[in-house]
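The structure under discussion appears below in the form of structure tokens.
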Amino acid sequence: MVFYKTKMRTTCFFIFLCFSLFHCEAFPHVKAQFSTGAITPNNFSGSDIVRIQSAIDSAKKTTGEVVIPRRNANGTHIWTIDSAIRLPSDITVILNNCVIELSDSSRDNLFRSDNVGRDVTGITWNKNISIIGVGDPVLKGADNPRSTGDAGRTLSLNPSKEENWRVSYGSDAGKKGRKQKGDWRNILILMAYVDGFKLRHVTIRNSHAWAVSFERTVHADISDITFELPEVQKVNGQRIEIHNRDGIDLRQGCKFFQISNISGNTEDDFIALSNLGTVNPDHKNGDLNSTMITEAGWHGPEDDIEQITIVNVTCRSNTRAIAIRASDSAGIHDVFINGVTAKTKYNGLLIGNQNYGKPSLPGRINNIHAMNLIGNGKALILILSPITDCVFMNGIYTGKGPSSVSYKSDKTKNVKVVDLVKSAAD
């Protein structure tokens with residue numbers, strides 16, 4: 001019976017992966033179609049954020065579609081916003097070759113699902129939200145951000161000269177009455193409790209922390225995204241450091257994701273799956289003491305991260321290409337990775353956790369299947385926790401470490417390594 005279940009589960013993995021690969025190949029460039037009479041912010045008056053939000057509120061009651069064009073009616077080709085664009089259910093935002101950036105006065109997300117926010121404690125589910133790029137749309141952080149980094153980072157005007165490494169730049173540093181640490185508002189695109197989300201064909205530049213983050217979101221399709229998230233950014237002619245610039249982050253309860261054709265460079269993890277239920281356990285919905293906007297903690301299988309497909313990743317990262325971390329009983333399982341080409345400081349693929357909350361219990365990270373990996377760093381694959389039922393196949397490691405796979409846990413179970421080749425160091 002155990003063999004039968006394992007065989008059936010493996011078959012399901014294969015079917016799911018094949019479907020995901022077909023999906024990515026069959027629809028490489030989804031082009032949004034919209035009429036000349038579409039609702040746009042140029043139909044409304046006020047500041048850029050007022051006009052964009054008015055267009056979205058109008059479309060919510062009518063067409064369900066908003067087009068943000070390249071030309072802003074104020075005579076520029078940039079949309080500069082002071083607070084988050086809040087997205088309701090059943091809305092599609094078409095980014096038609098436009099540039100949207102946060103202003104220097106903003107301390108908020110660029111896009112956020114409208115069911116969550118500061119002091120919002122009772123959260124209901126949103127559904128069917130899409131952000132679709134046409135042409136060459138760009139989403140940007142501020143030129144001089146008020147706050148950057150995660151909730152554990154203290155703001156500094158010159159992080160490189162601080163003795164404490166847990167710092168990041170922010171123009172709010174040292175200002176009376178201003179919060180002196182980062183939080184979830186530093187994330188550029190933040191979705192929580194959303195069933196059905198699409199993000200396609202955009203460039204994301206200079207986010208204040210993570211570029212895109214999901215909490216308790218299911219059935220998501222992320223494709224054709226380019227990240228430009230370096231460690232150093234020029235502010236008023238000075239080179240300053242901004243830390244914890246991840247590309248894509250999946251937190252508690254994320255399920256059924258398809259992530260494909262992602263490229264670019266990040267200061268920190270390019271893609272991270274993090275189920276860290278024992279970190280900051282007292283954090284509640286909507287408070288500003290966390291990089292999560294929803295309640296922290298792992299409350300059972302509904303908060304597992306599962307059924308995630310990642311295909312065709314090309315990246316440079318100061319840390320890792322893909323990181324998979326869980327703490328204590330929190331689960332991450334059924335993750336399928338195919339095609340990663342990475343230049344990283346540490347690893348192409350990290351699995352496990354030794355630094356965030358309680359260590360991952362044996363087998364709570366399981367059924368991770370990764371193939372066709374190319375990378376350098378200290379190891380192609382680093383395993384930190386007692387994982388179970390995983391397969392790593394077809395890889396080329398060009399780093400200076402002694403082997404392609406490095407184990408820091410001696411309790412792994414049924415982990416298969418097939419055709420991972422260590423080549424000459426690059």
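By order of appearance in the structure tokens: chains A, B, ..., then residues from 1 within every chain, and ligands from 1 in the order shown.
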| request: Do a neighbour search on Phe270 (chain A) at 7 Å with only C-alpha atoms, toss out local chain neighbours closer than 4 positions, and write the hits as a count of residues only. | output: 8
| Running DSSP on the backbone, which parts of region 97-316 of chain A land in strand (DSSP E), as a PyMOL selection string? | chain A and resi 99-102+111-113+126-134+138-140+154-156+167-169+189-192+194-205+212-215+218-229+232-235+238-241+248-250+255-266+271-275+305-316
| request: Tell me which protein, DNA and RNA residues are within 7 Å of region 251-264 of chain A, counting only C-alpha atoms, leaving out same-chain ones fewer than 6 positions away, and put them as a PyMOL selection string. | output: chain A and resi 20+24+214-228+273-275+302-316
Can you write just those residues out, N, CA and C atoms, as a CSV table (one decimal), in the first residue's frame?
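part.csv written:
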```
chain,number,residue,atom,x,y,z
A,20,SER,N,2.1,22.0,-16.6
A,20,SER,CA,2.7,23.3,-16.3
A,20,SER,C,3.7,23.7,-17.5
A,24,CYS,N,3.4,26.8,-20.1
A,24,CYS,CA,4.4,27.9,-20.3
A,24,CYS,C,4.8,27.9,-21.8
A,214,PHE,N,3.5,37.1,-1.8
A,214,PHE,CA,2.1,36.5,-1.7
A,214,PHE,C,2.0,35.9,-0.3
A,215,GLU,N,0.8,36.1,0.3
A,215,GLU,CA,0.4,35.4,1.5
A,215,GLU,C,-0.9,34.8,1.3
A,216,ARG,N,-1.0,33.5,1.6
A,216,ARG,CA,-2.3,32.8,1.6
A,216,ARG,C,-3.0,33.1,0.3
A,217,THR,N,-2.3,32.9,-0.8
A,217,THR,CA,-2.8,33.1,-2.2
A,217,THR,C,-2.8,31.8,-2.9
A,218,VAL,N,-3.8,31.5,-3.7
A,218,VAL,CA,-3.9,30.2,-4.4
A,218,VAL,C,-4.2,30.5,-5.9
A,219,HIS,N,-3.8,29.6,-6.8
A,219,HIS,CA,-4.0,29.6,-8.2
A,219,HIS,C,-3.5,30.9,-8.8
A,220,ALA,N,-2.2,31.0,-8.8
A,220,ALA,CA,-1.5,32.2,-9.4
A,220,ALA,C,-0.6,31.8,-10.6
A,221,ASP,N,-0.5,32.7,-11.5
A,221,ASP,CA,0.3,32.5,-12.7
A,221,ASP,C,1.2,33.8,-12.9
A,222,ILE,N,2.5,33.5,-12.7
A,222,ILE,CA,3.5,34.6,-12.8
A,222,ILE,C,4.4,34.3,-13.9
A,223,SER,N,4.5,35.2,-14.9
A,223,SER,CA,5.3,34.8,-16.1
A,223,SER,C,5.9,36.1,-16.8
A,224,ASP,N,7.0,35.8,-17.4
A,224,ASP,CA,7.7,36.9,-18.2
A,224,ASP,C,8.0,38.1,-17.4
A,225,ILE,N,8.7,38.0,-16.3
A,225,ILE,CA,9.0,39.1,-15.4
A,225,ILE,C,10.5,39.3,-15.4
A,226,THR,N,10.9,40.5,-15.4
A,226,THR,CA,12.4,40.9,-15.4
A,226,THR,C,12.6,41.7,-14.1
A,227,PHE,N,13.6,41.3,-13.3
A,227,PHE,CA,13.9,42.1,-12.1
A,227,PHE,C,15.2,42.8,-12.3
A,228,GLU,N,15.2,44.1,-11.8
A,228,GLU,CA,16.4,44.9,-11.8
A,228,GLU,C,16.5,45.5,-10.4
A,273,LEU,N,10.6,30.6,-1.2
A,273,LEU,CA,9.4,30.0,-0.6
A,273,LEU,C,9.6,29.8,0.9
A,274,SER,N,8.9,30.6,1.7
A,274,SER,CA,9.2,30.7,3.2
A,274,SER,C,8.0,30.5,4.0
A,275,ASN,N,8.0,29.4,4.7
A,275,ASN,CA,6.9,29.0,5.6
A,275,ASN,C,7.5,29.0,7.1
A,302,GLU,N,-3.7,23.9,5.9
A,302,GLU,CA,-4.1,25.0,5.0
A,302,GLU,C,-3.0,26.1,4.9
A,303,ASP,N,-2.1,26.1,5.8
A,303,ASP,CA,-1.0,27.1,5.7
A,303,ASP,C,0.3,26.5,5.1
A,304,ASP,N,0.3,25.2,4.6
A,304,ASP,CA,1.4,24.7,3.9
A,304,ASP,C,1.6,25.4,2.5
A,305,ILE,N,2.8,25.4,2.1
A,305,ILE,CA,3.1,25.9,0.7
A,305,ILE,C,3.2,24.6,-0.2
A,306,GLU,N,2.4,24.5,-1.2
A,306,GLU,CA,2.4,23.3,-2.0
A,306,GLU,C,1.9,23.5,-3.5
A,307,GLN,N,2.3,22.5,-4.3
A,307,GLN,CA,1.9,22.5,-5.7
A,307,GLN,C,2.4,23.8,-6.4
A,308,ILE,N,3.8,24.0,-6.4
A,308,ILE,CA,4.4,25.1,-7.0
A,308,ILE,C,5.3,24.7,-8.1
A,309,THR,N,5.1,25.3,-9.3
A,309,THR,CA,5.9,24.9,-10.4
A,309,THR,C,6.8,26.2,-10.8
A,310,ILE,N,8.1,26.0,-11.0
A,310,ILE,CA,9.0,27.1,-11.3
A,310,ILE,C,9.8,26.6,-12.6
A,311,VAL,N,9.6,27.3,-13.7
A,311,VAL,CA,10.2,26.9,-14.9
A,311,VAL,C,10.9,28.0,-15.6
A,312,ASN,N,12.1,27.8,-16.1
A,312,ASN,CA,12.9,28.7,-16.9
A,312,ASN,C,13.3,30.0,-16.1
A,313,VAL,N,14.2,29.9,-15.3
A,313,VAL,CA,14.7,31.0,-14.5
A,313,VAL,C,16.2,31.3,-14.9
A,314,THR,N,16.5,32.5,-15.2
A,314,THR,CA,17.8,33.0,-15.5
A,314,THR,C,18.1,34.2,-14.6
A,315,CYS,N,19.1,34.1,-13.8
A,315,CYS,CA,19.3,35.1,-12.8
A,315,CYS,C,20.7,35.3,-12.3
A,316,ARG,N,21.0,36.5,-11.7
A,316,ARG,CA,22.1,36.8,-10.9
A,316,ARG,C,21.6,37.2,-9.5
```
| Neighbours of Lys181 (chain A) within 10 Å (only C-alpha atoms; same-chain residues fewer than 3 positions away dropped), as a ChimeraX atom specification? | /A:147-156,167-168,170,172-173,178,288-290
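Proximity of A:Ile204, A:Ala342, A:Leu276, A:Leu382 to Ala330 (chain A), computed with only C-alpha atoms, is greatest for A:Leu276.
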| field | Shell around Val235 (chain A) at 8 Å using only C-alpha atoms, local window under 3 positions removed, as a VMD selection string | value | chain A and resid 143 to 144 238 to 240
Based on the selection just made, write N, CA and C atoms of those residues as a short mmCIF file (atom, residue, chain, number, x, y, z; two decimals), in the first residue's frame.
```
data_model
loop_
_atom_site.label_atom_id
_atom_site.label_comp_id
_atom_site.auth_asym_id
_atom_site.auth_seq_id
_atom_site.Cartn_x
_atom_site.Cartn_y
_atom_site.Cartn_z
N ASP A 143 12.80 57.19 -6.19
CA ASP A 143 14.19 57.62 -6.41
C ASP A 143 14.92 57.78 -5.08
N ASN A 144 14.19 58.27 -4.07
CA ASN A 144 14.77 58.46 -2.73
C ASN A 144 13.79 57.87 -1.72
N GLN A 238 24.60 59.91 -4.61
CA GLN A 238 25.39 59.05 -3.72
C GLN A 238 24.97 57.59 -3.89
N ARG A 239 25.94 56.70 -3.80
CA ARG A 239 25.65 55.26 -3.88
C ARG A 239 25.26 54.76 -2.49
N ILE A 240 24.05 54.25 -2.35
CA ILE A 240 23.57 53.77 -1.06
C ILE A 240 23.13 52.31 -1.18
#
```
Tell me, as a PDB file with C-alpha atoms, in the first residue's frame, which residues lie within 7 Å of Ile129 (chain A), counting only C-alpha atoms; anything in the same chain fewer than 5 positions away does not count.
```
ATOM      1  CA  SER A  89     -11.833  41.195  -6.996  1.00  0.00           C
ATOM      2  CA  ASP A  90     -12.549  40.617 -10.679  1.00  0.00           C
ATOM      3  CA  ILE A  91     -10.246  43.336 -11.990  1.00  0.00           C
ATOM      4  CA  THR A  92      -7.679  43.359 -14.800  1.00  0.00           C
ATOM      5  CA  GLY A 196      -6.756  33.606  -8.845  1.00  0.00           C
ATOM      6  CA  PHE A 197      -3.944  36.043  -9.626  1.00  0.00           C
ATOM      7  CA  LYS A 198      -1.973  36.799 -12.795  1.00  0.00           C
TER       8      LYS A 198
END
```
| request: Identify, on the basis of only C-alpha atoms, every residue whose closest approach to Asn236 (chain A) does not exceed 12 Å; exclude the query and any residue fewer than 5 positions from it along the same chain; express the result as an MDAnalysis selection string. | output: chainID A and resid 104 142:145 157 171
| task | Figure out the distance between CA of Asn355 (chain A) and CA of Ile374 (chain A), please, to one decimal in Å. | result | 25.9 Å
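Considering the residues A:Pro137, A:Gly357, A:Gly75, A:Gly117 and counting only C-alpha atoms, Met292 (chain A) has its shortest atom-to-atom contact with A:Gly117.
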